[in-house]
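Following: one structure in structure tokens, then a few remarks.
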Protein chains: 2
Amino acid sequence: MTQSAEHIKGIAKYVCYWILKMTTAAGSGHPTSSLSATDLMVGLLFGGIFRYKVDDPKFVNNDRLIFSKGHASPLFYALWAAAGQVSEAELMTYRKFGSSLEGHPSMKFKHTEVSTGSLGQGLSVGVGMALNAKYIDKLPYRTYVLLGDSEMAEGSVWEAIMSAAHYKLDNLVGIIDVNRLGQRGQTMFGHDVQAYADRVSAFGWHTIMIDGHSLDEIHKAYEDASGIKDKPVMIIAKTLKGKGIPFFEDKDDWHGKALKEKELEQVLEDFGDIDMSVRGIVTAPDEVSSAPYEPEQVTENIEYHDPITTRKAYGNSLVRIHPKFPDMIVLDAEVGNSTFAEYFRDAYPEHFFEMFIAEQNMVGVALGFSARGKTPFVSTFAAFFARAIDQIRMAQYSKPNINFVGSHAGVSIGEDGPSQMALSDIATFRSLYKSVVLYPSDAVATDKLTELMAEHKGLVYMRTTRGDTPILYDNNEEFRIGGSKVLKKSENDQVTVVAAGITVHEALEAYELLTKEGITIRVIDLYSIKPVDTTTLWEAAKDTEGIITVEDHYLEGGVGGVVKAEIVDICPTFKSLAVKKHPKSGRPKELLDYEDISARAIIDAVHEIVNK
Amino acid sequence: MTQSAEHIKGIAKYVCYWILKMTTAAGSGHPTSSLSATDLMVGLLFGGIFRYKVDDPKFVNNDRLIFSKGHASPLFYALWAAAGQVSEAELMTYRKFGSSLEGHPSMKFKHTEVSTGSLGQGLSVGVGMALNAKYIDKLPYRTYVLLGDSEMAEGSVWEAIMSAAHYKLDNLVGIIDVNRLGQRGQTMFGHDVQAYADRVSAFGWHTIMIDGHSLDEIHKAYEDASGIKDKPVMIIAKTLKGKGIPFFEDKDDWHGKALKEKELEQVLEDFGDIDMSVRGIVTAPDEVSSAPYEPEQVTENIEYHDPITTRKAYGNSLVRIHPKFPDMIVLDAEVGNSTFAEYFRDAYPEHFFEMFIAEQNMVGVALGFSARGKTPFVSTFAAFFARAIDQIRMAQYSKPNINFVGSHAGVSIGEDGPSQMALSDIATFRSLYKSVVLYPSDAVATDKLTELMAEHKGLVYMRTTRGDTPILYDNNEEFRIGGSKVLKKSENDQVTVVAAGITVHEALEAYELLTKEGITIRVIDLYSIKPVDTTTLWEAAKDTEGIITVEDHYLEGGVGGVVKAEIVDICPTFKSLAVKKHPKSGRPKELLDYEDISARAIIDAVHEIVNK
């Protein structure tokens with residue numbers, strides 16, 4: 001220990017004091033869950049183990065600390081106060097409107113790596129950061145993740161545990177705060193630390209069991225962890241919830257409850273002296289940096305002429321743009337030969353990570369890479385992003401830069417049937433804060449949009465189609481986030497059909513057939529669903545009698561709703577064609593027709609408006 | 001074995017033949033993934049182990065078989081053909097439009113327990129069925145779940161494994177088909193069956209490693225499994241993908257690919273004779289039944305007068321209605337003291353199961369109970385249902401009867417901040433096939449709606465509010481799925497405000513303040529968001545100048561979109577107040593105002609319409 005045991009104890013006492021103070025001032029929060037981990041975290045930050053530039057949180061070689069048990073935020077903030085990074089006045093703003101000290105750690109606080117608070121997610125983020133250190137940036141920084149014992153019931157934690165062992169992440173240290181008590185009573189294993197050790201070590205980790213309130217054992221555990229090679233390390237610490245405060249130590253019914261003012265006064269009477277001037281020193285990391293990336297000139301777009309699936313165009317595009325975006329990382333959930341992320345894996349294996357069928361961990365890992373300044377592309381069947389919605393939900397609050405690409409969307413996948421059909425993915429990704437949702441209808445659009453995704457900083461989702469689609473666009477056609485393409489337009493357009501992806505081709509087929517009848521329609525390819533091209537939609541709503549949207553997606557939350565919202569003030573006749581019947585197996589064309597989103601269905605809808 | 005080894009082998013050959021035939025006829029499907037598990041499943045069904053009335057799939061004491069690796073559907077259907085339950089002509093309709101033999105097992109096929117195809121979900125369903133047998137119906141039937149090795153990477157499987165061990169489910173048998181190859185290459189552990197055994201046994205299961213192509217070892221494993229007490233059993237079988245067909249046995253790049261006609265011809269040349277008349281006998285189960293439930297008369301509704309949170313009303317209501325619905329099962333993810341499911345746990349502990357913080361498994365378990373004819377209520381923080389969206393998505397295709405209740409919805413939860421705020425839960429649950437979405441604004445409505453949920457067969461979601469809300473309704477007020485309440489109405493209404501849940505109270509406050517200004521508004525409590533009360537919305541759209549929706553939910557997929565869809569043809573001025581800014585910590589009232597969904601924001605919106 002670089003700082004004396006007495007000094008560390010003094011810091012722990014100071015942290016404990018502020019945990020109580022700030023939660024009582026807030027009238028809520030989790031003091032007991034903070035106190036169980038106080039010794040563990042004080043020992044880490046101020047025991048000479050953790051290496052971090054306190055005045056430069058973004059420094060590339062800082063060790064990383066993730067509070068997966070985000071409800072221990074009072075501890076998190078009080079720790080940084082002990083490091084001289086938060087004033088005592090600021091601590092008293094905890095949980096108040098406008099404070100950077102939110103109820104769970106958020107990006108408003110400069111030392112937060114990623115927003116946490118939904119349990120079971122932090123270890124995956126840590127895996128991403130550790131993968132980045134070991135395989136990409138090749139930096140010596142280490143990643144520490146504080147876990148609660150309750151969250152060990154989350155499968156996502158075990159996905160992360162499998163993944164970390166597979167990639168031999170000896171720069172990753174998990175710390176389980178086994179305080180026995182969950183929110184509503186005892187956890188599955190209570191104080192049986194051996195139960196955790198058996199399970200975690202069976203998964204290929206090095207485990208260390210300690211008394212989580214012995215500063216000596218804590219320090220030794222961190223030191224030992226630093227010496228383990230080729231394995232991640234889990235420190236399993238037996239602790240007491242509410243440690244040090246007999247009023248609620250190890251007692252039921254004290255989860256997420258702050259002391260009342262009177263109770264706090266009473267507790268502080270027995271607390272003894274506190275040195276309010278005590279501060280801890282966080283050891284500085286080595287001044288090393290990763291090799292700077294040298295982006296190369298963008299290569300030419302890929303030329304497409306024959307029908308090809310947009311999935312393949314995506315794979316080709318990843319390979320094409322990597323020189324321009326050398327910080328790209330590609331992750332796939334064991335379906336790279338379907339999403340065609342495998343093209344990238346084969347071309348740039350060092351920037352590709354196989355995530356196996358563990359979508360929750362994959363998204364957490366992507367967030368870890370994003371937090372370390374990388375540009376992850378994450379692909380699987382669009383339907384299976386549903387597995388990781390909570391991770392995606394939390395990512396939206398972490399200033400993310402993640403590109404999601406879902407293949408096999410809609411009933412048009414055909415024979416595999418409903419389990420493999422993404423039918424609410426557009427709804428899901430639209431509902432994320434400041435997200436972008438793209439849905440190209442051909443390979444040229446896919447190629448251009450993939451490059452735009454890499455350029456855009458934020459959460460982007462692109463939907464690809466299983467089957468081959470004809471090429472609609474010239475190689476020099478320009479696309480933009482928030483754009484659309486008017487594919488058919490005349491002064492006599494009677495009805496507008498707004499389509500996206502696979503249904504653009506149905507709309508074009510309907511156009512041809514209707515033209516023979518003497519009915520002209522406008523056809524819009526709404527390749528950018530969010531943000532949406534308001535101007536083009538408005539113009540169409542004014543120019544034509546009615547608007548028909550057609551999409552291979554459930555009615556709820558899809559393209560129809562987007563378009564309706566834009567044109568509600570103009571109020572043309574409106575029809576929304578979408579998947580409304582129970583989906584089933586069959587040939588793609590049969591299913592498009594069965595769900596009334598085919599050329600035939602579009603023609604019927606146009607007739608209804610024209611003959612009204 | 002009740003049937004000779006030769007006979008069993010003949011059945012296996014017959015099954016193998018049809019796996020090849022039907023996939024080639026379909027032009028797609030997963031023959032190799034089916035062949036690896038053929039011996040395992042033929043040995044189970046026809047080895048005298050599995051006990052099932054083939055002509056009465058719903059019989060309560062049937063053993064249950066779940067293909068968690070649903071892509072092995074050719075095996076599933078061919079097995080039942082060997083049992084005389086599917087004709088050879090029907091096998092040839094596999095994956096065709098209208099066939100009951102879909103790409104992945106669906107409810108159209110009478111022997112399917114639940115739809116599968118999204119990996120990693122079947123074991124949780126099995127846990128639900130085994131819990132039902134052991135603790136609820138107290139029947140001797142056993143539940144078998146066939147797992148793929150790739151899906152062992154899914155955290156949800158480990159949630160199920162933890163849960164099954166915790167509840168000592170010695171009537172549950174998992175079978176891992178370790179065929180080494182995933183979709184795009186080798187799995188994380190390849191043929192290392194010991195790796196699976198180490199992990200599964202560390203989690204408290206009895207494990208048996210076998211050669212998955214030795215009928216003797218298979219039979220002995222099932223026999224041994226039946227004798228294990230207080231532990232679930234995992235049979236870990238080393239198999240070969242594409243077993244028996246040298247053309248693709250144990251070879252890469254054959255996942256999900258059917259043989260072409262010519263290839264099949266070639267393969268069948270070396271196949272030898274097949275006895276097309278061979279049929280297997282499935283042993284019948286004991287003729288025992290569970291005690292019939294005797295529903296009692298409904299008790300009186302609970303009287304509410306003082307403000308109380310709708311969460312508590314939910315908990316009270318569960319206790320109140322259980323005598324009327326004795327088949328109710330209540331599950332909660334370790335937050336029963338927040339959702340108030342604990343009221344039920346305390347009153348009827350034998351019908352309550354603690355699911356710990358493992359939402360994916362909780363939903364799978366609920367589906368298992370639903371499939372066994374029970375009425376599960378599943379609660380957690382609304383935000384954390386996001387963890388189980390893929391399980392919920394798959395449940396929609398399994399003729400489910402599940403009631404989801406999410407507490408702590410919206411920014412009005414306050415200080416805990418965004419990680420705990422459900423802001424797209426309405427969007428999610430609305431997008432499910434034939435779902436019902438409810439959002440009561442007071443305790444009386446909650447009480448009535450909880451009873452309606454128990455009565456309704458299907459997927460229902462109810463959203464509850466964290467804070468106390470005043471009582472709006474008399475105890476004799478009637479509610480219905482698809483209904484709404486017009487709380488304020490006059491002939492002079494200028495604008496209609498449509499609110500739900502917490503915002504109903506904001507709308508009423510706005511009403512009072514606007515009345516003082518001489519502006520009258522109509523206020524609608526849209527407690528049933530799906531299905532929605534079209535008539536009342538139409539009337540309001542016709543009667544008033546504009547419609548304002550106000551909701552504690554993201555704009556996308558929420559109440560605003562529902563209302564807009566209904567009134568688009570009438571086309572009044574429309575404003576949608578919803579959560580649009582990055583949510584944060586603060587007091588509930590501050591946050592409602594910050595997001596412009598407060599009484600103040602409603603008044604501003606009304607002024608804009610009135611002064612237009």
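Identifiers in the structure tokens: chain A, B, ... in order shown; residue index from 1 per chain; ligand index from 1 in order shown.
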Per residue of chain A within 7 Å of chain B, record the nearest atom pair and its distance in Å to one decimal, counting only C-alpha atoms, with rows in chain order and ascending residue number, as a tab-separated table.
residue	atom	partner	partner_atom	distance
A:Arg95	CA	B:Glu415	CA	5.3
A:Lys96	CA	B:Gly586	CA	4.9
A:Phe97	CA	B:Gly586	CA	4.0
A:Glu102	CA	B:Ser585	CA	5.4
A:Gly103	CA	B:Asp416	CA	4.4
A:His104	CA	B:Asp416	CA	6.4
A:Thr116	CA	B:Ser419	CA	6.8
A:Gly117	CA	B:Ser419	CA	5.2
A:Ser118	CA	B:Ser419	CA	5.9
A:Ser150	CA	B:Ile357	CA	6.7
A:Glu151	CA	B:Ile357	CA	6.2
A:Ala153	CA	B:Ile357	CA	5.5
A:Glu154	CA	B:Ala358	CA	4.8
A:Gly155	CA	B:Gly155	CA	3.6
A:Ser156	CA	B:Gly155	CA	5.1
A:Trp158	CA	B:Gly155	CA	5.7
A:Glu159	CA	B:Gly155	CA	5.2
A:Gln183	CA	B:Val335	CA	6.3
A:Arg184	CA	B:Asn337	CA	5.9
A:Asp198	CA	B:Ala202	CA	5.9
A:Arg199	CA	B:Ala202	CA	5.3
A:Ala202	CA	B:Arg199	CA	5.2
A:Phe203	CA	B:Arg199	CA	6.2
A:Glu334	CA	B:Arg184	CA	6.1
A:Val335	CA	B:Arg184	CA	6.0
A:Gly336	CA	B:Arg184	CA	6.6
A:Asn337	CA	B:Arg184	CA	5.9
A:Phe356	CA	B:Ala153	CA	6.5
A:Ile357	CA	B:Ala153	CA	5.5
A:Ala358	CA	B:Glu154	CA	4.8
A:Ala386	CA	B:Asp390	CA	4.8
A:Arg387	CA	B:Asp390	CA	4.9
A:Ala388	CA	B:Arg387	CA	6.8
A:Ile389	CA	B:Ala386	CA	5.6
A:Asp390	CA	B:Ala386	CA	4.7
A:Met394	CA	B:Ser419	CA	6.5
A:Glu415	CA	B:Arg95	CA	5.3
A:Asp416	CA	B:Gly103	CA	4.4
A:Gly417	CA	B:Gly103	CA	5.4
A:Ser419	CA	B:Gly117	CA	5.2
A:Gln420	CA	B:Gly117	CA	6.9
A:Ser424	CA	B:Ser431	CA	6.5
A:Ala427	CA	B:Gly557	CA	6.8
A:Arg430	CA	B:Glu556	CA	6.7
A:Ser431	CA	B:Glu556	CA	5.1
A:Tyr554	CA	B:Ser431	CA	6.7
A:Glu556	CA	B:Ser431	CA	5.1
A:Gly557	CA	B:Gly557	CA	4.9
A:Gly561	CA	B:Gly561	CA	6.7
A:Val568	CA	B:Val568	CA	6.6
A:Asp569	CA	B:Thr573	CA	6.8
A:Cys571	CA	B:Cys571	CA	6.0
A:Thr573	CA	B:Asp569	CA	6.9
A:Ser585	CA	B:Glu102	CA	5.4
A:Gly586	CA	B:Phe97	CA	4.0
A:Arg587	CA	B:Phe97	CA	6.8
Using DSSP on the backbone, list every residue of stretch 169-301 of chain B that comes out as strand (DSSP E), and give them as a VMD selection string.
-> chain B and resid 172 to 178 206 to 211 233 to 238
Could you save the residues just selected, with N, CA and C atoms, as a PDB file, in the first residue's frame?
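Output file again24.pdb is given in full below:
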ATOM      1  N   LEU B 172     -36.930 -32.537 -14.085  1.00  0.00           N
ATOM      2  CA  LEU B 172     -36.509 -31.815 -15.294  1.00  0.00           C
ATOM      3  C   LEU B 172     -35.219 -32.438 -15.818  1.00  0.00           C
ATOM      4  N   VAL B 173     -35.206 -32.768 -17.099  1.00  0.00           N
ATOM      5  CA  VAL B 173     -34.011 -33.336 -17.726  1.00  0.00           C
ATOM      6  C   VAL B 173     -33.656 -32.512 -18.958  1.00  0.00           C
ATOM      7  N   GLY B 174     -32.456 -31.972 -18.959  1.00  0.00           N
ATOM      8  CA  GLY B 174     -31.944 -31.306 -20.157  1.00  0.00           C
ATOM      9  C   GLY B 174     -31.044 -32.253 -20.922  1.00  0.00           C
ATOM     10  N   ILE B 175     -31.040 -32.141 -22.226  1.00  0.00           N
ATOM     11  CA  ILE B 175     -30.160 -32.967 -23.062  1.00  0.00           C
ATOM     12  C   ILE B 175     -29.404 -32.011 -23.982  1.00  0.00           C
ATOM     13  N   ILE B 176     -28.094 -31.899 -23.799  1.00  0.00           N
ATOM     14  CA  ILE B 176     -27.317 -31.031 -24.688  1.00  0.00           C
ATOM     15  C   ILE B 176     -26.748 -31.862 -25.833  1.00  0.00           C
ATOM     16  N   ASP B 177     -27.117 -31.481 -27.010  1.00  0.00           N
ATOM     17  CA  ASP B 177     -26.650 -32.141 -28.232  1.00  0.00           C
ATOM     18  C   ASP B 177     -25.336 -31.463 -28.650  1.00  0.00           C
ATOM     19  N   VAL B 178     -24.233 -32.000 -28.137  1.00  0.00           N
ATOM     20  CA  VAL B 178     -22.933 -31.354 -28.378  1.00  0.00           C
ATOM     21  C   VAL B 178     -22.383 -31.846 -29.715  1.00  0.00           C
ATOM     22  N   HIS B 206     -27.108 -32.557 -11.568  1.00  0.00           N
ATOM     23  CA  HIS B 206     -26.478 -33.848 -11.806  1.00  0.00           C
ATOM     24  C   HIS B 206     -26.201 -33.933 -13.306  1.00  0.00           C
ATOM     25  N   THR B 207     -24.978 -34.298 -13.671  1.00  0.00           N
ATOM     26  CA  THR B 207     -24.644 -34.370 -15.099  1.00  0.00           C
ATOM     27  C   THR B 207     -24.249 -35.788 -15.489  1.00  0.00           C
ATOM     28  N   ILE B 208     -24.595 -36.154 -16.706  1.00  0.00           N
ATOM     29  CA  ILE B 208     -24.257 -37.473 -17.248  1.00  0.00           C
ATOM     30  C   ILE B 208     -23.680 -37.251 -18.640  1.00  0.00           C
ATOM     31  N   MET B 209     -22.438 -37.676 -18.850  1.00  0.00           N
ATOM     32  CA  MET B 209     -21.830 -37.534 -20.177  1.00  0.00           C
ATOM     33  C   MET B 209     -21.962 -38.838 -20.942  1.00  0.00           C
ATOM     34  N   ILE B 210     -22.402 -38.733 -22.166  1.00  0.00           N
ATOM     35  CA  ILE B 210     -22.569 -39.968 -22.961  1.00  0.00           C
ATOM     36  C   ILE B 210     -22.142 -39.747 -24.405  1.00  0.00           C
ATOM     37  N   ASP B 211     -21.997 -40.882 -25.091  1.00  0.00           N
ATOM     38  CA  ASP B 211     -21.890 -40.876 -26.552  1.00  0.00           C
ATOM     39  C   ASP B 211     -23.322 -40.779 -27.063  1.00  0.00           C
ATOM     40  N   VAL B 233     -31.306 -32.891 -13.947  1.00  0.00           N
ATOM     41  CA  VAL B 233     -30.258 -33.693 -14.593  1.00  0.00           C
ATOM     42  C   VAL B 233     -29.969 -33.149 -15.992  1.00  0.00           C
ATOM     43  N   MET B 234     -28.680 -33.026 -16.304  1.00  0.00           N
ATOM     44  CA  MET B 234     -28.291 -32.647 -17.658  1.00  0.00           C
ATOM     45  C   MET B 234     -27.523 -33.799 -18.289  1.00  0.00           C
ATOM     46  N   ILE B 235     -28.062 -34.275 -19.394  1.00  0.00           N
ATOM     47  CA  ILE B 235     -27.359 -35.298 -20.170  1.00  0.00           C
ATOM     48  C   ILE B 235     -26.558 -34.565 -21.241  1.00  0.00           C
ATOM     49  N   ILE B 236     -25.253 -34.773 -21.214  1.00  0.00           N
ATOM     50  CA  ILE B 236     -24.378 -34.049 -22.132  1.00  0.00           C
ATOM     51  C   ILE B 236     -23.855 -35.061 -23.141  1.00  0.00           C
ATOM     52  N   ALA B 237     -24.363 -34.949 -24.341  1.00  0.00           N
ATOM     53  CA  ALA B 237     -24.136 -36.005 -25.338  1.00  0.00           C
ATOM     54  C   ALA B 237     -23.200 -35.528 -26.432  1.00  0.00           C
ATOM     55  N   LYS B 238     -22.120 -36.269 -26.608  1.00  0.00           N
ATOM     56  CA  LYS B 238     -21.197 -35.984 -27.711  1.00  0.00           C
ATOM     57  C   LYS B 238     -21.793 -36.581 -28.978  1.00  0.00           C
TER      58      LYS B 238
END
Nearest residue to A:Val127 from the set A:Val498, A:Ile281, A:Leu367, A:Ala443 (distances using only C-alpha atoms) = A:Leu367
All helix (DSSP H, G or I) positions in stretch 51-144 of chain B, as a PyMOL selection string | chain B and resi 70-82+88-91+122-136
All residues 7 Å or closer to stretch 510-524 of chain A, only C-alpha atoms, same chain fewer than 5 positions away omitted, as a PyMOL selection string | chain A and resi 484-489+492-499+599-600+602-603
Generate a file of the selected residues that holds N, CA, C and O atoms, formatted as a PDB file, in the first residue's frame.
ATOM      1  N   SER A 484     -34.552  10.730 -48.432  1.00  0.00           N
ATOM      2  CA  SER A 484     -35.416   9.730 -49.067  1.00  0.00           C
ATOM      3  C   SER A 484     -35.196   9.849 -50.571  1.00  0.00           C
ATOM      4  O   SER A 484     -34.514  10.772 -51.017  1.00  0.00           O
ATOM      5  N   LYS A 485     -35.750   8.936 -51.321  1.00  0.00           N
ATOM      6  CA  LYS A 485     -35.642   8.996 -52.780  1.00  0.00           C
ATOM      7  C   LYS A 485     -37.037   8.914 -53.382  1.00  0.00           C
ATOM      8  O   LYS A 485     -37.810   8.014 -53.046  1.00  0.00           O
ATOM      9  N   VAL A 486     -37.324   9.883 -54.254  1.00  0.00           N
ATOM     10  CA  VAL A 486     -38.589   9.816 -54.986  1.00  0.00           C
ATOM     11  C   VAL A 486     -38.296   9.059 -56.277  1.00  0.00           C
ATOM     12  O   VAL A 486     -37.636   9.566 -57.180  1.00  0.00           O
ATOM     13  N   LEU A 487     -38.769   7.827 -56.333  1.00  0.00           N
ATOM     14  CA  LEU A 487     -38.398   6.959 -57.456  1.00  0.00           C
ATOM     15  C   LEU A 487     -39.309   7.145 -58.655  1.00  0.00           C
ATOM     16  O   LEU A 487     -38.900   6.949 -59.790  1.00  0.00           O
ATOM     17  N   LYS A 488     -40.548   7.506 -58.386  1.00  0.00           N
ATOM     18  CA  LYS A 488     -41.511   7.736 -59.466  1.00  0.00           C
ATOM     19  C   LYS A 488     -42.286   8.997 -59.124  1.00  0.00           C
ATOM     20  O   LYS A 488     -42.776   9.127 -57.994  1.00  0.00           O
ATOM     21  N   LYS A 489     -42.365   9.903 -60.092  1.00  0.00           N
ATOM     22  CA  LYS A 489     -43.043  11.161 -59.812  1.00  0.00           C
ATOM     23  C   LYS A 489     -43.494  11.776 -61.121  1.00  0.00           C
ATOM     24  O   LYS A 489     -42.747  11.777 -62.103  1.00  0.00           O
ATOM     25  N   ASN A 492     -49.173  14.148 -62.541  1.00  0.00           N
ATOM     26  CA  ASN A 492     -50.508  13.543 -62.440  1.00  0.00           C
ATOM     27  C   ASN A 492     -50.628  12.493 -61.347  1.00  0.00           C
ATOM     28  O   ASN A 492     -51.597  11.748 -61.330  1.00  0.00           O
ATOM     29  N   ASP A 493     -49.654  12.437 -60.471  1.00  0.00           N
ATOM     30  CA  ASP A 493     -49.708  11.400 -59.441  1.00  0.00           C
ATOM     31  C   ASP A 493     -51.000  11.495 -58.634  1.00  0.00           C
ATOM     32  O   ASP A 493     -51.344  12.563 -58.114  1.00  0.00           O
ATOM     33  N   GLN A 494     -51.692  10.373 -58.535  1.00  0.00           N
ATOM     34  CA  GLN A 494     -52.962  10.373 -57.803  1.00  0.00           C
ATOM     35  C   GLN A 494     -52.761   9.961 -56.348  1.00  0.00           C
ATOM     36  O   GLN A 494     -53.428  10.460 -55.462  1.00  0.00           O
ATOM     37  N   VAL A 495     -51.852   9.048 -56.146  1.00  0.00           N
ATOM     38  CA  VAL A 495     -51.620   8.507 -54.809  1.00  0.00           C
ATOM     39  C   VAL A 495     -50.108   8.381 -54.613  1.00  0.00           C
ATOM     40  O   VAL A 495     -49.379   8.157 -55.580  1.00  0.00           O
ATOM     41  N   THR A 496     -49.670   8.534 -53.364  1.00  0.00           N
ATOM     42  CA  THR A 496     -48.257   8.307 -53.054  1.00  0.00           C
ATOM     43  C   THR A 496     -48.104   7.007 -52.276  1.00  0.00           C
ATOM     44  O   THR A 496     -48.855   6.761 -51.325  1.00  0.00           O
ATOM     45  N   VAL A 497     -47.149   6.210 -52.681  1.00  0.00           N
ATOM     46  CA  VAL A 497     -46.817   5.002 -51.926  1.00  0.00           C
ATOM     47  C   VAL A 497     -45.441   5.202 -51.285  1.00  0.00           C
ATOM     48  O   VAL A 497     -44.461   5.471 -51.984  1.00  0.00           O
ATOM     49  N   VAL A 498     -45.413   5.121 -49.967  1.00  0.00           N
ATOM     50  CA  VAL A 498     -44.154   5.252 -49.235  1.00  0.00           C
ATOM     51  C   VAL A 498     -43.732   3.854 -48.781  1.00  0.00           C
ATOM     52  O   VAL A 498     -44.461   3.189 -48.042  1.00  0.00           O
ATOM     53  N   ALA A 499     -42.565   3.440 -49.234  1.00  0.00           N
ATOM     54  CA  ALA A 499     -42.079   2.096 -48.906  1.00  0.00           C
ATOM     55  C   ALA A 499     -40.652   2.197 -48.390  1.00  0.00           C
ATOM     56  O   ALA A 499     -40.027   3.258 -48.455  1.00  0.00           O
ATOM     57  N   ALA A 599     -47.266  -6.099 -54.021  1.00  0.00           N
ATOM     58  CA  ALA A 599     -47.712  -5.230 -55.119  1.00  0.00           C
ATOM     59  C   ALA A 599     -49.240  -5.320 -55.262  1.00  0.00           C
ATOM     60  O   ALA A 599     -49.923  -4.304 -55.420  1.00  0.00           O
ATOM     61  N   ARG A 600     -49.753  -6.527 -55.171  1.00  0.00           N
ATOM     62  CA  ARG A 600     -51.211  -6.722 -55.293  1.00  0.00           C
ATOM     63  C   ARG A 600     -51.959  -5.924 -54.230  1.00  0.00           C
ATOM     64  O   ARG A 600     -52.941  -5.239 -54.514  1.00  0.00           O
ATOM     65  N   ILE A 602     -50.889  -3.311 -52.615  1.00  0.00           N
ATOM     66  CA  ILE A 602     -50.718  -1.877 -52.867  1.00  0.00           C
ATOM     67  C   ILE A 602     -51.714  -1.414 -53.936  1.00  0.00           C
ATOM     68  O   ILE A 602     -52.372  -0.381 -53.792  1.00  0.00           O
ATOM     69  N   ILE A 603     -51.825  -2.222 -54.983  1.00  0.00           N
ATOM     70  CA  ILE A 603     -52.761  -1.872 -56.062  1.00  0.00           C
ATOM     71  C   ILE A 603     -54.186  -1.791 -55.519  1.00  0.00           C
ATOM     72  O   ILE A 603     -54.932  -0.851 -55.806  1.00  0.00           O
TER      73      ILE A 603
END
Using only C-alpha atoms, determine which residues lie at most 10 Å from stretch 56-61 of chain A, disregarding the query and same-chain residues fewer than 5 positions distant; provide the list as a VMD selection string.
-> chain A and resid 51 110 to 113 133 137 to 142 284 to 290 371 to 373
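Using only C-alpha atoms, the residues found no farther than 8 Å from B:Phe76, other than those of its own chain fewer than 4 positions away, are Phe67, Ala72, Trp80 and Pro105 of chain B.
One finds atom CA of B:Leu44 at 23.7 Å from atom CA of B:Asp273.
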